[in-house]
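start_37.cif, holding mmCIF, C-alpha atoms:
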```
data_entry
#
loop_
_atom_site.group_PDB
_atom_site.id
_atom_site.type_symbol
_atom_site.label_atom_id
_atom_site.label_comp_id
_atom_site.auth_asym_id
_atom_site.auth_seq_id
_atom_site.Cartn_x
_atom_site.Cartn_y
_atom_site.Cartn_z
ATOM 1 C CA MET A 1 30.462 56.687 81.714
ATOM 2 C CA LYS A 2 29.170 54.782 84.707
ATOM 3 C CA LEU A 3 26.131 52.543 84.377
ATOM 4 C CA SER A 4 24.139 54.538 86.952
ATOM 5 C CA GLU A 5 24.792 57.775 85.068
ATOM 6 C CA LEU A 6 23.707 56.131 81.830
ATOM 7 C CA ALA A 7 20.557 54.755 83.459
ATOM 8 C CA ASN A 8 19.697 58.202 84.747
ATOM 9 C CA LYS A 9 20.386 60.075 81.524
ATOM 10 C CA ALA A 10 18.900 57.516 79.128
ATOM 11 C CA GLY A 11 15.857 56.690 81.254
ATOM 12 C CA LEU A 12 16.762 53.045 81.784
ATOM 13 C CA LYS A 13 15.042 50.921 84.419
ATOM 14 C CA ALA A 14 17.371 48.575 86.291
ATOM 15 C CA ILE A 15 15.839 45.132 86.833
ATOM 16 C CA ASN A 16 18.620 43.622 88.921
ATOM 17 C CA GLU A 17 21.319 44.792 91.284
ATOM 18 C CA TYR A 18 24.363 45.817 89.319
ATOM 19 C CA LYS A 19 27.905 46.881 89.997
ATOM 20 C CA ASP A 20 28.147 50.533 89.095
ATOM 21 C CA LYS A 21 31.172 50.565 86.841
ATOM 22 C CA ASN A 22 32.405 52.370 83.779
ATOM 23 C CA PHE A 23 31.611 50.645 80.503
ATOM 24 C CA GLU A 24 33.666 50.967 77.326
ATOM 25 C CA GLY A 25 31.535 51.103 74.202
ATOM 26 C CA VAL A 26 28.345 49.566 72.904
ATOM 27 C CA TYR A 27 27.389 46.574 70.810
ATOM 28 C CA ILE A 28 23.952 46.069 69.265
ATOM 29 C CA SER A 29 22.827 42.610 68.235
ATOM 30 C CA ASP A 30 19.917 40.188 68.465
ATOM 31 C CA MET A 31 21.967 37.110 67.569
ATOM 32 C CA VAL A 32 23.963 35.285 70.207
ATOM 33 C CA SER A 33 26.251 33.808 67.557
ATOM 34 C CA ASP A 34 27.023 37.351 66.479
ATOM 35 C CA ILE A 35 27.537 38.575 70.039
ATOM 36 C CA ILE A 36 30.340 36.087 70.708
ATOM 37 C CA THR A 37 32.168 37.221 67.587
ATOM 38 C CA GLY A 38 31.468 40.955 67.854
ATOM 39 C CA ALA A 39 30.915 42.167 71.410
ATOM 40 C CA LYS A 40 33.931 43.178 73.474
ATOM 41 C CA ALA A 41 34.638 42.947 77.180
ATOM 42 C CA ASN A 42 33.153 45.620 79.431
ATOM 43 C CA THR A 43 30.735 46.879 76.791
ATOM 44 C CA LEU A 44 27.042 47.622 76.920
ATOM 45 C CA LEU A 45 24.867 45.269 74.882
ATOM 46 C CA ILE A 46 21.612 46.507 73.343
ATOM 47 C CA THR A 47 19.187 43.780 72.294
ATOM 48 C CA LEU A 48 15.659 42.500 71.930
ATOM 49 C CA GLN A 49 16.583 38.998 72.995
ATOM 50 C CA THR A 50 15.587 37.902 76.484
ATOM 51 C CA HIS A 51 16.461 34.206 76.646
ATOM 52 C CA LYS A 52 19.137 32.461 78.681
ATOM 53 C CA SER A 53 21.401 31.868 75.726
ATOM 54 C CA LEU A 54 21.908 35.626 75.589
ATOM 55 C CA ILE A 55 23.350 35.622 79.115
ATOM 56 C CA ALA A 56 25.578 32.635 78.282
ATOM 57 C CA ALA A 57 26.963 34.568 75.294
ATOM 58 C CA ALA A 58 27.276 37.894 77.131
ATOM 59 C CA ASN A 59 29.090 36.252 80.029
ATOM 60 C CA LEU A 60 31.499 34.470 77.691
ATOM 61 C CA VAL A 61 32.694 37.771 76.205
ATOM 62 C CA ASP A 62 32.457 39.631 79.547
ATOM 63 C CA VAL A 63 29.742 42.144 78.652
ATOM 64 C CA SER A 64 29.129 44.626 81.497
ATOM 65 C CA ALA A 65 25.426 45.233 81.141
ATOM 66 C CA ILE A 66 22.505 44.571 78.843
ATOM 67 C CA VAL A 67 19.747 46.966 77.802
ATOM 68 C CA PHE A 68 16.539 45.321 76.613
ATOM 69 C CA VAL A 69 14.686 47.652 74.275
ATOM 70 C CA LYS A 70 10.966 48.001 73.502
ATOM 71 C CA GLY A 71 10.115 47.224 77.111
ATOM 72 C CA LYS A 72 11.075 43.564 76.793
ATOM 73 C CA THR A 73 11.764 41.986 80.162
ATOM 74 C CA PRO A 74 13.454 38.607 80.668
ATOM 75 C CA ALA A 75 12.032 35.819 82.815
ATOM 76 C CA SER A 76 13.130 35.454 86.420
ATOM 77 C CA ASP A 77 15.499 32.543 85.702
ATOM 78 C CA VAL A 78 17.303 34.682 83.120
ATOM 79 C CA ILE A 79 17.659 37.526 85.618
ATOM 80 C CA GLU A 80 18.939 35.035 88.189
ATOM 81 C CA LEU A 81 21.630 33.821 85.775
ATOM 82 C CA ALA A 82 22.647 37.411 85.008
ATOM 83 C CA ASP A 83 22.900 38.077 88.755
ATOM 84 C CA LYS A 84 25.300 35.142 89.113
ATOM 85 C CA ALA A 85 27.313 36.420 86.162
ATOM 86 C CA GLY A 86 27.416 39.964 87.533
ATOM 87 C CA ILE A 87 25.766 41.383 84.424
ATOM 88 C CA GLY A 88 23.595 44.450 84.964
ATOM 89 C CA LEU A 89 20.178 44.345 83.287
ATOM 90 C CA PHE A 90 18.191 47.388 82.196
ATOM 91 C CA VAL A 91 14.948 47.910 80.322
ATOM 92 C CA SER A 92 14.095 50.766 77.989
ATOM 93 C CA GLU A 93 10.732 51.418 76.389
ATOM 94 C CA VAL A 94 12.261 52.836 73.211
ATOM 95 C CA ASP A 95 13.288 50.827 70.137
ATOM 96 C CA THR A 96 16.848 49.920 69.165
ATOM 97 C CA TRP A 97 17.350 52.839 66.793
ATOM 98 C CA SER A 98 16.083 55.373 69.331
ATOM 99 C CA MET A 99 18.344 53.853 71.974
ATOM 100 C CA ALA A 100 21.326 54.095 69.621
ATOM 101 C CA LEU A 101 20.525 57.764 69.036
ATOM 102 C CA LYS A 102 20.226 58.404 72.770
ATOM 103 C CA LEU A 103 23.609 56.836 73.415
ATOM 104 C CA PHE A 104 25.185 58.778 70.570
ATOM 105 C CA ASN A 105 23.713 62.040 71.851
ATOM 106 C CA LEU A 106 25.157 61.249 75.279
ATOM 107 C CA GLY A 107 28.581 61.148 73.687
ATOM 108 C CA ILE A 108 29.029 57.386 73.837
ATOM 109 C CA ARG A 109 31.053 55.993 70.949
ATOM 110 C CA MET B 110 58.527 25.419 70.268
ATOM 111 C CA SER B 111 56.964 28.861 70.033
ATOM 112 C CA THR B 112 57.845 31.390 72.704
ATOM 113 C CA CYS B 113 55.090 33.748 71.589
ATOM 114 C CA ASN B 114 52.716 34.919 74.285
ATOM 115 C CA HIS B 115 49.790 34.590 71.918
ATOM 116 C CA LYS B 116 47.232 37.341 71.551
ATOM 117 C CA TRP B 117 44.336 35.766 69.734
ATOM 118 C CA GLU B 118 41.722 37.251 67.491
ATOM 119 C CA MET B 119 38.896 35.578 65.661
ATOM 120 C CA ALA B 120 39.579 34.787 62.015
ATOM 121 C CA ASP B 121 37.668 33.218 59.125
ATOM 122 C CA ILE B 122 34.302 34.092 60.674
ATOM 123 C CA ARG B 123 31.583 32.269 58.741
ATOM 124 C CA HIS B 124 27.841 32.713 59.196
ATOM 125 C CA GLY B 125 25.502 29.852 58.461
ATOM 126 C CA TYR B 126 23.402 27.150 60.062
ATOM 127 C CA LEU B 127 24.212 24.551 62.648
ATOM 128 C CA VAL B 128 22.216 21.518 61.513
ATOM 129 C CA MET B 129 21.433 18.776 64.025
ATOM 130 C CA GLU B 130 20.737 15.212 62.910
ATOM 131 C CA GLY B 131 19.806 12.055 64.751
ATOM 132 C CA CYS B 132 20.161 8.386 63.899
ATOM 133 C CA PRO B 133 17.049 6.462 65.056
ATOM 134 C CA ARG B 134 19.001 3.199 64.846
ATOM 135 C CA CYS B 135 21.746 4.004 67.333
ATOM 136 C CA GLY B 136 20.425 7.129 69.085
ATOM 137 C CA GLY B 137 23.495 9.082 68.020
ATOM 138 C CA ARG B 138 23.465 12.739 67.195
ATOM 139 C CA ALA B 139 25.527 14.519 64.630
ATOM 140 C CA ALA B 140 25.905 18.120 63.656
ATOM 141 C CA PHE B 141 27.346 19.953 60.746
ATOM 142 C CA PHE B 142 27.760 23.553 59.737
ATOM 143 C CA SER B 143 26.194 24.709 56.499
ATOM 144 C CA THR B 144 26.746 27.966 54.684
ATOM 145 C CA GLU B 145 23.886 27.303 52.268
ATOM 146 C CA ALA B 146 21.131 29.923 52.091
ATOM 147 C CA ILE B 147 18.639 27.470 53.588
ATOM 148 C CA ALA B 148 19.584 24.803 56.119
ATOM 149 C CA PRO B 149 19.634 21.342 54.445
ATOM 150 C CA ILE B 150 16.984 18.931 55.751
ATOM 151 C CA ASP B 151 17.832 15.813 53.745
ATOM 152 C CA GLU B 152 17.731 12.335 55.247
ATOM 153 C CA TYR B 153 20.496 10.002 54.149
ATOM 154 C CA GLN B 154 22.296 6.732 54.792
ATOM 155 C CA GLU B 155 25.903 6.836 55.994
ATOM 156 C CA GLY B 156 27.378 3.462 56.868
ATOM 157 C CA ASP B 157 25.228 1.979 59.637
ATOM 158 C CA HIS B 158 23.614 5.335 60.382
ATOM 159 C CA TYR B 159 20.455 6.775 58.895
ATOM 160 C CA TRP B 160 20.636 10.486 59.619
ATOM 161 C CA VAL B 161 17.375 12.354 60.095
ATOM 162 C CA TYR B 162 17.090 16.136 60.350
ATOM 163 C CA LEU B 163 16.298 17.273 63.912
ATOM 164 C CA GLY B 164 16.582 21.013 63.678
ATOM 165 C CA SER B 165 18.848 23.904 62.906
ATOM 166 C CA SER B 166 19.832 27.291 64.213
ATOM 167 C CA GLN B 167 21.728 30.219 62.826
ATOM 168 C CA ALA B 168 25.321 29.958 63.955
ATOM 169 C CA THR B 169 28.796 31.299 63.429
ATOM 170 C CA LYS B 170 32.053 29.435 63.036
ATOM 171 C CA PHE B 171 35.479 30.890 63.500
ATOM 172 C CA ASN B 172 39.145 30.073 63.822
ATOM 173 C CA LEU B 173 41.717 31.828 65.981
ATOM 174 C CA LYS B 174 44.778 33.680 64.794
ATOM 175 C CA CYS B 175 47.594 35.139 66.877
ATOM 176 C CA VAL B 176 48.153 38.794 65.984
ATOM 177 C CA GLU B 177 51.725 38.597 67.293
ATOM 178 C CA CYS B 178 53.156 35.554 65.491
ATOM 179 C CA GLY B 179 50.479 34.754 62.902
ATOM 180 C CA LYS B 180 49.831 31.241 64.200
ATOM 181 C CA ARG B 181 46.392 29.956 63.253
ATOM 182 C CA VAL B 182 44.326 27.414 65.098
ATOM 183 C CA ASP B 183 41.518 25.819 63.111
ATOM 184 C CA LEU B 184 38.333 25.127 65.019
ATOM 185 C CA ASP B 185 36.564 23.180 62.285
ATOM 186 C CA ASP B 186 35.684 20.425 64.748
ATOM 187 C CA MET B 187 33.832 22.815 67.061
ATOM 188 C CA MET B 188 30.131 23.120 66.288
ATOM 189 C CA GLY B 189 29.221 25.392 69.186
ATOM 190 C CA LEU B 190 29.734 26.395 72.797
ATOM 191 C CA MET B 191 27.562 25.521 75.766
ATOM 192 C CA MET B 192 27.601 27.148 79.201
ATOM 193 C CA SER B 193 27.591 24.206 81.611
ATOM 194 C CA THR B 194 24.794 24.109 84.186
ATOM 195 C CA CYS B 195 25.146 20.381 84.795
ATOM 196 C CA ASP B 196 24.580 19.234 88.386
ATOM 197 C CA ASP B 197 25.403 15.545 88.054
ATOM 198 C CA PRO B 198 28.129 15.016 90.674
ATOM 199 C CA GLU B 199 29.620 12.234 88.563
ATOM 200 C CA CYS B 200 29.980 14.446 85.478
ATOM 201 C CA ALA B 201 33.603 15.308 84.729
ATOM 202 C CA VAL B 202 32.591 18.807 83.640
ATOM 203 C CA VAL B 203 30.990 19.420 87.044
ATOM 204 C CA LYS B 204 34.076 18.085 88.824
ATOM 205 C CA ILE B 205 36.341 20.354 86.795
ATOM 206 C CA GLY B 206 34.160 23.359 87.608
ATOM 207 C CA LYS B 207 34.095 22.555 91.318
ATOM 208 C CA LYS B 208 37.854 22.171 91.392
ATOM 209 C CA GLU B 209 38.265 25.613 89.817
ATOM 210 C CA GLY B 210 35.929 27.246 92.336
ATOM 211 C CA LYS B 211 33.896 30.430 92.380
ATOM 212 C CA GLY B 212 34.421 32.892 89.565
ATOM 213 C CA THR B 213 35.053 30.204 86.971
ATOM 214 C CA TRP B 214 32.471 29.620 84.258
ATOM 215 C CA VAL B 215 32.760 26.330 82.431
ATOM 216 C CA TYR B 216 31.861 26.249 78.738
ATOM 217 C CA VAL B 217 31.780 23.034 76.741
ATOM 218 C CA ALA B 218 33.126 23.065 73.185
ATOM 219 C CA LEU B 219 30.671 20.891 71.269
ATOM 220 C CA CYS B 220 31.952 18.712 68.453
ATOM 221 C CA ALA B 221 30.047 17.172 65.554
ATOM 222 C CA ASP B 222 29.659 13.632 66.874
ATOM 223 C CA SER B 223 27.854 13.129 70.186
ATOM 224 C CA THR B 224 28.845 9.482 70.399
ATOM 225 C CA HIS B 225 32.529 10.281 69.831
ATOM 226 C CA ALA B 226 32.650 7.016 67.912
ATOM 227 C CA SER B 227 34.805 8.745 65.334
ATOM 228 C CA GLY B 228 37.327 9.472 68.074
ATOM 229 C CA LYS B 229 37.263 13.127 67.128
ATOM 230 C CA CYS B 230 36.466 15.957 69.493
ATOM 231 C CA VAL B 231 37.786 19.499 69.690
ATOM 232 C CA GLY B 232 41.546 19.013 70.020
ATOM 233 C CA ALA B 233 43.860 20.114 72.821
ATOM 234 C CA GLU B 234 45.403 22.900 70.760
ATOM 235 C CA GLY B 235 41.965 24.326 69.961
ATOM 236 C CA ILE B 236 40.839 24.112 73.591
ATOM 237 C CA LYS B 237 44.015 25.833 74.784
ATOM 238 C CA ALA B 238 43.609 28.647 72.250
ATOM 239 C CA LEU B 239 39.919 29.081 73.111
ATOM 240 C CA ASN B 240 40.779 29.394 76.788
ATOM 241 C CA GLU B 241 43.472 31.941 76.065
ATOM 242 C CA TYR B 242 41.215 33.890 73.716
ATOM 243 C CA PHE B 243 38.202 34.160 76.003
ATOM 244 C CA ASN B 244 40.297 35.008 79.060
ATOM 245 C CA GLN B 245 42.711 37.506 77.529
ATOM 246 C CA ASN B 246 40.312 40.464 77.690
ATOM 247 C CA ILE B 247 38.276 39.763 80.817
ATOM 248 C CA LYS B 248 37.962 42.874 82.972
ATOM 249 C CA VAL B 249 36.157 41.435 85.972
ATOM 250 C CA PRO B 250 38.669 40.535 88.715
ATOM 251 C CA GLY B 251 38.597 36.849 89.626
ATOM 252 C CA LYS B 252 36.507 35.849 86.646
ATOM 253 C CA LYS B 253 37.694 32.993 84.479
ATOM 254 C CA ILE B 254 36.275 31.199 81.449
ATOM 255 C CA LEU B 255 37.185 27.530 81.269
ATOM 256 C CA VAL B 256 36.502 25.793 77.955
ATOM 257 C CA VAL B 257 36.508 21.996 77.997
ATOM 258 C CA PRO B 258 35.894 19.476 75.200
ATOM 259 C CA CYS B 259 32.493 17.766 75.054
ATOM 260 C CA ASP B 260 33.998 14.318 75.508
ATOM 261 C CA GLN B 261 34.100 15.317 79.192
ATOM 262 C CA CYS B 262 30.285 15.516 79.381
ATOM 263 C CA CYS B 263 28.553 12.772 81.337
ATOM 264 C CA ASN B 264 25.969 12.103 78.632
ATOM 265 C CA ILE B 265 24.723 14.110 75.683
ATOM 266 C CA ASP B 266 21.111 13.763 76.876
ATOM 267 C CA ARG B 267 21.744 14.380 80.579
ATOM 268 C CA CYS B 268 24.551 16.923 80.676
ATOM 269 C CA LYS B 269 22.785 20.221 81.271
ATOM 270 C CA GLY B 270 23.822 23.471 79.722
ATOM 271 C CA ILE B 271 22.814 26.503 77.742
ATOM 272 C CA VAL B 272 23.887 26.192 74.128
ATOM 273 C CA ILE B 273 24.838 29.484 72.530
ATOM 274 C CA ALA B 274 22.641 29.182 69.454
ATOM 275 C CA ASP B 275 20.105 31.313 67.649
ATOM 276 C CA THR B 276 17.203 28.890 67.823
ATOM 277 C CA GLY B 277 13.757 30.330 67.223
ATOM 278 C CA LEU B 278 15.161 33.670 66.198
ATOM 279 C CA THR B 279 12.130 34.480 64.105
ATOM 280 C CA GLU B 280 9.886 34.108 67.150
ATOM 281 C CA ILE B 281 11.423 36.865 69.259
ATOM 282 C CA TYR B 282 9.113 39.646 68.124
#
```

Would you write the structure of this file as structure tokens?
Amino acid sequence: MKLSELANKAGLKAINEYKDKNFEGVYISDMVSDIITGAKANTLLITLQTHKSLIAAANLVDVSAIVFVKGKTPASDVIELADKAGIGLFVSEVDTWSMALKLFNLGIR
Amino acid sequence: MSTCNHKWEMADIRHGYLVMEGCPRCGGRAAFFSTEAIAPIDEYQEGDHYWVYLGSSQATKFNLKCVECGKRVDLDDMMGLMMSTCDDPECAVVKIGKKEGKGTWVYVALCADSTHASGKCVGAEGIKALNEYFNQNIKVPGKKILVVPCDQCCNIDRCKGIVIADTGLTEIY
């Protein structure tokens, strides 16, 4: 599924300009040390974390895009770093569990 | 000499704490990884150093293993990874990044001893395997991860970067 299609179907708000590409799977984590050992390239990352270290970790493992749940929005310098890294950023008002359900119901595995 | 075109995966993943210590006598920093339930905060004498607890963060350590030939590379000397944002033109890390050009992201493999007085840093074999591991699955055309050892940093207090660490994790909510 393409990121734009996901954003549309899951009600995600894009907070930076992103490359509209297909992603391959999802990883959910709030720990950057876990992200570097668990997340795969070209996946979607769901998290509550909004600090720069998250972008450093996501970029290292080549995550495609990040969805911040519960309406959490990162600071401008974090968005700027994600822009440089080519990582799409989205915000959802729902919590992590609800987001996981939405993705599952959209057929994402 | 191995002819294997290694395909690395993480092995021996351990979860614990990265504990930072400082010596007020020499200004040195040290770090160690602890798998205890609570990060140790003891102060202690070690040779000329008097190590004082500075802080800790949840962290993960891992080794690399080739799924093709079974070769293992231990990364016990690596305490963490830092995305370099250093802008000191004299810093070797900056020079390496500039030489590589756009699309390359430089990450510094941090070892346990900031002064490098022990002569130990993350070894060449570990750095090579880390580079191969983090680049083998990249999907973005033109993107490259370049991991360098921290003995290339200009100065532990001046070399800027974003350490991949779970500091303040309990404050995120």

Counting all atoms listed in the file, chain B residues within 7 Å of chain A, as an MDAnalysis selection string = chainID B and resid 168:169 192 243 246:248 254 271:275 281

Between A:Ile28, A:Ala39, A:Ala65, A:Ala75, which is the closest to A:Lys2 once you count only C-alpha atoms?
->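 Going through A:Ile28, A:Ala39, A:Ala65, A:Ala75 one by one, the smallest distance to A:Lys2 is for A:Ala65.
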
Near stretch 138-151 of chain B, within 12 Å and counting only C-alpha atoms, which residues show up once chain neighbours fewer than 6 positions away are dropped, as a ChimeraX atom specification?
-> /B:122-132,158-171,184-189,219-227,264-266

Quick one: of A:Leu101, A:Leu81, A:Ile87, A:Leu12, who's nearest to A:Phe68, counting all atoms listed in the file?
->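 Closest residue, counting all atoms listed in the file: A:Leu12.
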
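Across the model, the gap from atom CA of A:Phe23 to atom CA of A:Leu3 is 7.0 Å.
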
Go ahead and find all residues with at least one atom no further than 9 Å from (32.6, 11.7, 81.5) in the file's coordinates, using only C-alpha atoms; report them as a PyMOL selection string.
-> chain B and resi 199-202+259-264

Students should find that atom CA of B:Val182 and atom CA of B:Glu234 are spaced 7.3 Å

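Atom CA of B:Cys195 sits 28.4 Å away from atom CA of A:Leu44.
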
Given the PyMOL selection byres ((chain A and resi 9) around 12), the residues it picks as a list in words | Met1, Lys2, Leu3, Ser4, Glu5, Leu6, Ala7, Asn8, Ala10, Gly11, Leu12, Lys13, Ser92, Met99, Lys102, Leu103, Asn105, Leu106, Gly107 and Ile108 of chain A

Residues near B:Asn240, cut-off 12 Å, all atoms listed in the file, skip fewer than 5 positions along chain, as a list of chain:residue names = A:Leu60, A:Val61, B:His115, B:Lys116, B:Trp117, B:Leu173, B:Thr213, B:Trp214, B:Val215, B:Tyr216, B:Val217, B:Ala218, B:Ala233, B:Glu234, B:Gly235, B:Gln245, B:Asn246, B:Ile247, B:Lys253, B:Ile254, B:Leu255, B:Val256, B:Val257, B:Pro258

Which is closer to B:Glu241 than all the others in B:Asp197, B:Glu209, B:Glu177, B:Glu118, using all atoms listed in the file?
-> B:Glu118

Please evaluate the PyMOL selection byres ((chain A and resi 90) around 6) against the displayed coordinates and give the resulting residues as number ranges by chain.
-> A: 12-15, 67, 89, 91

Mind dumping the selected residues with C-alpha atoms as a short mmCIF file (atom, residue, chain, number, x, y, z; two decimals), keeping the file's coordinate frame?
```
data_model
loop_
_atom_site.label_atom_id
_atom_site.label_comp_id
_atom_site.auth_asym_id
_atom_site.auth_seq_id
_atom_site.Cartn_x
_atom_site.Cartn_y
_atom_site.Cartn_z
CA LEU A 12 16.76 53.04 81.78
CA LYS A 13 15.04 50.92 84.42
CA ALA A 14 17.37 48.58 86.29
CA ILE A 15 15.84 45.13 86.83
CA VAL A 67 19.75 46.97 77.80
CA LEU A 89 20.18 44.34 83.29
CA VAL A 91 14.95 47.91 80.32
#
```

Counting only C-alpha atoms, write as an MDAnalysis selection string all protein and nucleic acid residues lying at most 9 Å from (45.3, 31.8, 63.6) in the file's frame.
-> chainID B and resid 117:121 172:176 178:183
